[in-house]
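S.K.: Structure below; questions to follow.
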Amino acid sequence: MKATLLTVLFSFCFLLGQSQQKNYALIKANVFNGFENKIYPNNTLLIKNGIIERMGGADLTVPSGYEIIDCLNYYLMPGMIDAHSHLDNLASAKRALETGVTTVRTAGVSAYQDVALMNLAKTGQIAGPDIIPAGVYVSPNLEETVLADVRLAPLLTGVKTDEELKLLVNVNIDRGAKVIKTRGTERAGRPDTDPREQVYTERQIQIIVQEAGKRNVPVMIHAHGDEGSRAAVLAGARSIEHGTFLSDETLRLMKARGTFLVPTFITLEDLTQPGGDYEGPVLELRGKFMMPQAEKVFKKAHELGVKMVTGADNSYTAQTTSRISLECAHFVRMGMTNFEAIQSATIIAAELLGVEKNTGRIEKGFDADLVLIPGNPLEEIRHLQDALLIMSNGQLAVKRIPFGK
């Protein structure tokens, strides 16, 4: 009876929040819809109940009951997607959203904070970003994350056997994970590990993929080294995260199997810079070695047509400057067109995350995940770095215009 009452109260509060959501009319917007390599000038968008209701030219009539926002002929594009983050708190979620990121796939947190953030965004209690949570990282040694759930106690001494791997996968999914994150190789961000060293075998990764697959949950694989990456591709991974040392042979296998690559190039740059999330002489030297190698892999993957997606691989702390906008700038510098780079952060990223029917483009019936920027991103990618207005699920999260009074 008590549980039923709580459910009713929760549902009532949720519906009340929905009924209070504003409807918006965005006028005088130059629109990049995400799927056409062009700009639609002087457009109007009607946003109702968080969804793009209608869009058209300046002659589109705005009904009563819509708050009008003049976009001042700035450029409107789909909200960006970070497919590899360790976002785990409200302040960081706010920082991510303020950079124009309206959807995030996490890549492992300490105790299911990402699931809680997903639920807050889904119920409209925070504007966003929307979260695709991974829960606890499936790794041979859980360290402190063994405290995330009492059912993980048997994993205190390691996660290596079939049953141990299955247990962690299922606890994650029970807790609300929508993707499973595991590793093929060691980390680059720790001075005492070699990122090329393989961790889980093809068979172990296959156990993880198969167990998650029973519940229709995909698997993302942390892998810098080629051997661990190839094992992950053969085991059925949805995406390879990082892929710094991928061989041409493995890249061709990824293309054949439809495996996505999330290079997280901006993180390697972070290794080479003071401050940020990673710092120290060993990491600085490692980053300077790895960046040219990762660029070589990126160019080959692009040539082969491997689908690549943006990921900042950070926690959006107050110190980090790793951003999806900067990742897109690197993609362009390394050979993508502006159009291709932006699609890696929108439509292609949405496909990887399995949310391509809801977000990643500006089109009727899609979530109102929108970012207004000062100039044409198809001409200058740097404009992605300056979000003037941000809307997530139809909620106005940031509005810095007009500048004058």
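For the structure tokens, the naming scheme is as follows: chains receive sequential letters (A, B, ...) according to their order of presentation, residues are indexed from 1 within each chain, and ligands are indexed from 1 in presentation order.
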With only C-alpha atoms as the counted atoms, please give the residues lying no more than 12 Å from A:Gly56, apart from itself and same-chain residues fewer than 6 positions off, as a ChimeraX atom specification.

M.R.: /A:25-31,33,40-46,62,362-364

S.K.: Could the residues in this selection be saved with C-alpha atoms as a PDB file, in the first residue's frame?

M.R.:
ATOM      1  CA  ALA A  25       8.756  29.557 -30.641  1.00  0.00           C
ATOM      2  CA  LEU A  26      12.314  30.086 -31.831  1.00  0.00           C
ATOM      3  CA  ILE A  27      12.259  32.692 -34.592  1.00  0.00           C
ATOM      4  CA  LYS A  28      14.912  34.147 -36.925  1.00  0.00           C
ATOM      5  CA  ALA A  29      17.163  31.102 -36.651  1.00  0.00           C
ATOM      6  CA  ASN A  30      19.556  29.953 -39.353  1.00  0.00           C
ATOM      7  CA  VAL A  31      19.093  26.194 -39.027  1.00  0.00           C
ATOM      8  CA  ASN A  33      19.409  20.311 -39.221  1.00  0.00           C
ATOM      9  CA  TYR A  40      18.101  26.972 -43.781  1.00  0.00           C
ATOM     10  CA  PRO A  41      17.990  30.744 -43.221  1.00  0.00           C
ATOM     11  CA  ASN A  42      15.466  32.663 -41.137  1.00  0.00           C
ATOM     12  CA  ASN A  43      13.543  29.653 -39.821  1.00  0.00           C
ATOM     13  CA  THR A  44      10.957  29.299 -37.073  1.00  0.00           C
ATOM     14  CA  LEU A  45      10.700  26.287 -34.762  1.00  0.00           C
ATOM     15  CA  LEU A  46       7.721  25.521 -32.553  1.00  0.00           C
ATOM     16  CA  VAL A  62       3.218  31.334 -34.006  1.00  0.00           C
ATOM     17  CA  ILE A 362      16.452  19.079 -35.936  1.00  0.00           C
ATOM     18  CA  GLU A 363      13.300  17.600 -37.383  1.00  0.00           C
ATOM     19  CA  LYS A 364       9.616  17.415 -36.564  1.00  0.00           C
TER      20      LYS A 364
END

S.K.: As a VMD selection string, please: all residues of stretch 7-214 of chain A that backbone DSSP puts in strand (DSSP E).

M.R.: chain A and resid 24 to 31 40 to 48 51 to 56 67 to 70 75 to 78 80 to 85 101 to 106 130 to 132 180 to 183

S.K.: Please produce a file of the residues just selected, as a compact mmCIF listing (two decimals), in the first residue's frame, where the atoms kept are N, CA and C atoms.

M.R.:
# COMPACT_ATOMS: atom_id res chain seq x y z
N TYR A 24 7.76 26.88 -26.69
CA TYR A 24 8.59 27.95 -27.23
C TYR A 24 8.45 28.07 -28.74
N ALA A 25 8.62 29.29 -29.22
CA ALA A 25 8.76 29.56 -30.64
C ALA A 25 10.11 30.22 -30.85
N LEU A 26 11.01 29.52 -31.52
CA LEU A 26 12.31 30.09 -31.83
C LEU A 26 12.22 30.70 -33.22
N ILE A 27 12.40 32.01 -33.31
CA ILE A 27 12.26 32.69 -34.59
C ILE A 27 13.61 33.27 -35.03
N LYS A 28 13.70 33.55 -36.33
CA LYS A 28 14.91 34.15 -36.93
C LYS A 28 16.15 33.31 -36.62
N ALA A 29 16.04 32.01 -36.86
CA ALA A 29 17.16 31.10 -36.65
C ALA A 29 17.65 30.57 -37.99
N ASN A 30 18.95 30.63 -38.21
CA ASN A 30 19.56 29.95 -39.35
C ASN A 30 19.82 28.51 -38.92
N VAL A 31 19.13 27.57 -39.54
CA VAL A 31 19.09 26.19 -39.03
C VAL A 31 20.00 25.25 -39.81
N TYR A 40 19.41 26.42 -43.45
CA TYR A 40 18.10 26.97 -43.78
C TYR A 40 17.97 28.33 -43.09
N PRO A 41 17.99 29.42 -43.85
CA PRO A 41 17.99 30.74 -43.22
C PRO A 41 16.62 31.16 -42.70
N ASN A 42 16.65 31.98 -41.66
CA ASN A 42 15.47 32.66 -41.14
C ASN A 42 14.30 31.71 -40.90
N ASN A 43 14.57 30.65 -40.12
CA ASN A 43 13.54 29.65 -39.82
C ASN A 43 12.88 29.90 -38.47
N THR A 44 11.70 29.29 -38.34
CA THR A 44 10.96 29.30 -37.07
C THR A 44 10.73 27.86 -36.62
N LEU A 45 10.96 27.61 -35.34
CA LEU A 45 10.70 26.29 -34.76
C LEU A 45 9.68 26.43 -33.64
N LEU A 46 8.68 25.57 -33.64
CA LEU A 46 7.72 25.52 -32.55
C LEU A 46 8.05 24.31 -31.68
N ILE A 47 8.24 24.57 -30.39
CA ILE A 47 8.58 23.52 -29.43
C ILE A 47 7.42 23.34 -28.48
N LYS A 48 6.83 22.13 -28.47
CA LYS A 48 5.69 21.85 -27.60
C LYS A 48 5.94 20.58 -26.80
N ILE A 51 9.12 18.66 -27.51
CA ILE A 51 9.31 18.06 -28.83
C ILE A 51 9.22 19.15 -29.90
N ILE A 52 9.98 18.97 -30.99
CA ILE A 52 9.87 19.88 -32.13
C ILE A 52 8.54 19.60 -32.82
N GLU A 53 7.62 20.53 -32.68
CA GLU A 53 6.27 20.34 -33.19
C GLU A 53 6.16 20.68 -34.68
N ARG A 54 6.71 21.82 -35.04
CA ARG A 54 6.68 22.27 -36.43
C ARG A 54 7.90 23.12 -36.70
N MET A 55 8.29 23.23 -37.96
CA MET A 55 9.36 24.13 -38.34
C MET A 55 9.11 24.61 -39.76
N GLY A 56 9.53 25.83 -40.02
CA GLY A 56 9.31 26.39 -41.34
C GLY A 56 9.94 27.76 -41.46
N GLU A 67 6.11 31.00 -25.85
CA GLU A 67 7.07 32.06 -25.55
C GLU A 67 8.00 32.24 -26.75
N ILE A 68 8.06 33.44 -27.26
CA ILE A 68 8.87 33.70 -28.46
C ILE A 68 10.30 34.06 -28.05
N ILE A 69 11.25 33.39 -28.68
CA ILE A 69 12.68 33.70 -28.48
C ILE A 69 13.26 34.09 -29.83
N ASP A 70 13.74 35.31 -29.94
CA ASP A 70 14.38 35.80 -31.16
C ASP A 70 15.83 35.31 -31.19
N TYR A 75 22.93 30.79 -35.44
CA TYR A 75 22.83 29.47 -36.07
C TYR A 75 22.41 28.40 -35.07
N LEU A 76 21.35 27.70 -35.42
CA LEU A 76 20.77 26.67 -34.56
C LEU A 76 21.17 25.30 -35.08
N MET A 77 21.66 24.45 -34.20
CA MET A 77 22.09 23.10 -34.57
C MET A 77 21.62 22.10 -33.51
N PRO A 78 21.68 20.80 -33.82
CA PRO A 78 21.30 19.81 -32.80
C PRO A 78 22.25 19.85 -31.61
N MET A 80 24.85 18.57 -28.95
CA MET A 80 25.97 17.64 -29.15
C MET A 80 25.89 16.45 -28.18
N ILE A 81 26.58 15.39 -28.56
CA ILE A 81 26.57 14.15 -27.79
C ILE A 81 27.99 13.79 -27.37
N ASP A 82 28.16 13.50 -26.10
CA ASP A 82 29.42 13.00 -25.56
C ASP A 82 29.24 11.51 -25.29
N ALA A 83 29.86 10.69 -26.10
CA ALA A 83 29.66 9.24 -26.02
C ALA A 83 30.63 8.55 -25.07
N HIS A 84 31.47 9.34 -24.39
CA HIS A 84 32.41 8.72 -23.45
C HIS A 84 32.73 9.71 -22.35
N SER A 85 32.01 9.59 -21.24
CA SER A 85 32.18 10.52 -20.12
C SER A 85 32.13 9.74 -18.81
N VAL A 101 26.34 20.13 -24.74
CA VAL A 101 26.17 18.68 -24.73
C VAL A 101 24.82 18.35 -24.11
N THR A 102 23.92 17.78 -24.89
CA THR A 102 22.57 17.49 -24.40
C THR A 102 22.33 15.99 -24.17
N THR A 103 23.29 15.17 -24.58
CA THR A 103 23.19 13.72 -24.34
C THR A 103 24.58 13.19 -24.01
N VAL A 104 24.65 12.32 -23.00
CA VAL A 104 25.92 11.76 -22.55
C VAL A 104 25.78 10.26 -22.37
N ARG A 105 26.75 9.51 -22.87
CA ARG A 105 26.88 8.10 -22.50
C ARG A 105 28.05 8.00 -21.53
N THR A 106 27.80 7.48 -20.34
CA THR A 106 28.88 7.36 -19.38
C THR A 106 29.70 6.10 -19.67
N ASP A 130 20.56 14.32 -21.12
CA ASP A 130 20.08 12.95 -21.05
C ASP A 130 21.29 12.03 -20.86
N ILE A 131 21.12 10.98 -20.08
CA ILE A 131 22.23 10.08 -19.76
C ILE A 131 21.94 8.67 -20.23
N ILE A 132 22.93 8.06 -20.88
CA ILE A 132 22.93 6.61 -21.16
C ILE A 132 23.96 6.03 -20.18
N ILE A 180 27.09 -1.50 -21.08
CA ILE A 180 28.11 -2.08 -20.21
C ILE A 180 29.47 -1.63 -20.72
N LYS A 181 30.31 -1.16 -19.79
CA LYS A 181 31.66 -0.73 -20.15
C LYS A 181 32.64 -1.74 -19.56
N THR A 182 33.54 -2.26 -20.41
CA THR A 182 34.59 -3.13 -19.94
C THR A 182 35.88 -2.77 -20.66
N ARG A 183 36.92 -3.51 -20.35
CA ARG A 183 38.22 -3.12 -20.91
C ARG A 183 38.85 -4.25 -21.72

S.K.: Can you pull out the residues contacting A:Leu87? Cut-off 7 Å, using only C-alpha atoms, and skip same-chain residues under 2 positions away; I want them as an NGL selection string.

M.R.: :A and (85 or 89 or 92-93 or 106 or 114 or 315-316)

S.K.: List as a ChimeraX atom specification the protein and nucleic acid residues near A:Glu186, meaning an atom at most 8 Å away when only C-alpha atoms are counted, but skip any in the same chain fewer than 3 places from it.

M.R.: /A:183,193-199,223-224

S.K.: DSSP says helix (DSSP H, G or I) for which residues of stretch 58-299 of chain A? Put them as a PyMOL selection string?

M.R.: chain A and resi 90-98+113-122+143-148+150-155+162-174+202-213+226-235+248-257+265-272+281-299

S.K.: Compile the contact shell of stretch 301-311 of chain A as a PyMOL selection string: residues with an atom at most 6 Å away, counting only C-alpha atoms, same-chain residues fewer than 4 positions apart removed.

M.R.: chain A and resi 82-84+255+260-262+264+344-345+349

S.K.: Need to verify the contact set: A:Gly276, 9 Å, only C-alpha atoms, exclusion of same-chain residues closer than 5 positions in sequence. Can you return it as a PyMOL selection string?

M.R.: chain A and resi 270-271+317-322

S.K.: Restricting it to C-alpha atoms, dump the selection as a CSV table (one decimal), in the first residue's frame.

M.R.:
chain,number,residue,atom,x,y,z
A,270,ASP,CA,44.9,16.6,-21.9
A,271,LEU,CA,47.8,14.3,-21.0
A,317,THR,CA,35.2,18.9,-13.4
A,318,ALA,CA,35.9,22.5,-12.7
A,319,GLN,CA,39.5,22.0,-13.9
A,320,THR,CA,39.1,20.2,-17.2
A,321,THR,CA,38.9,22.0,-20.6
A,322,SER,CA,38.2,18.8,-22.6

S.K.: May I ask for the distance between atom CA of A:Asn37 and atom CA of A:Phe403, given in Å to one decimal place?

M.R.: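 That distance, rounded to one decimal, is 29.1 Å.
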
S.K.: Return the single residue from A:Arg190, A:Arg175, A:Arg400, A:Lys122 that is closest to A:Val282, with distances computed using only C-alpha atoms.

M.R.: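 Smallest separation from A:Val282 among the options: A:Arg190.
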
S.K.: Restricting the calculation to only C-alpha atoms: of A:Pro129, A:Gly158, A:Gly225, A:Gly100, which residue gets closest to A:Leu326?

M.R.: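 Distance minimum relative to A:Leu326 lands on A:Gly100.
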
S.K.: Got a sec: who's within 12 Å of A:Ala153, counting only C-alpha atoms, leaving out chain neighbours fewer than 4 positions off, as a PyMOL selection string?

M.R.: chain A and resi 142-149+157-159+164+167-168+171

S.K.: Just to confirm, what's the straight-line distance from atom CA of A:Tyr66 to atom CA of A:Gly375 in Å (one decimal)?

M.R.: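 Separation of atom CA of A:Tyr66 and atom CA of A:Gly375: 26.0 Å.
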
S.K.: Restricting the calculation to only C-alpha atoms: of A:Glu295, A:Ala329, A:Thr259, A:His86, which residue gets closest to A:Glu351?

M.R.: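 The shortest atom-to-atom distance to A:Glu351 comes from A:Thr259.
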
S.K.: Please determine, counting only C-alpha atoms, which residue among A:Ile39, A:Ala387, A:Leu60, A:Ala397 has the shortest atom-to-atom distance to A:Thr99.

M.R.: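 So, comparing all the options, the nearest one is A:Ala387.
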
S.K.: Could you work out how far atom CA of A:Arg333 lies from atom CA of A:Ile347, giving the answer in Å with one decimal?

M.R.: 20.1 Å

S.K.: Under the rule that only C-alpha atoms are counted, which of A:Leu156, A:Val219, A:Phe366, A:Pro140 is the nearest residue to A:Ile173?

M.R.: A:Val219
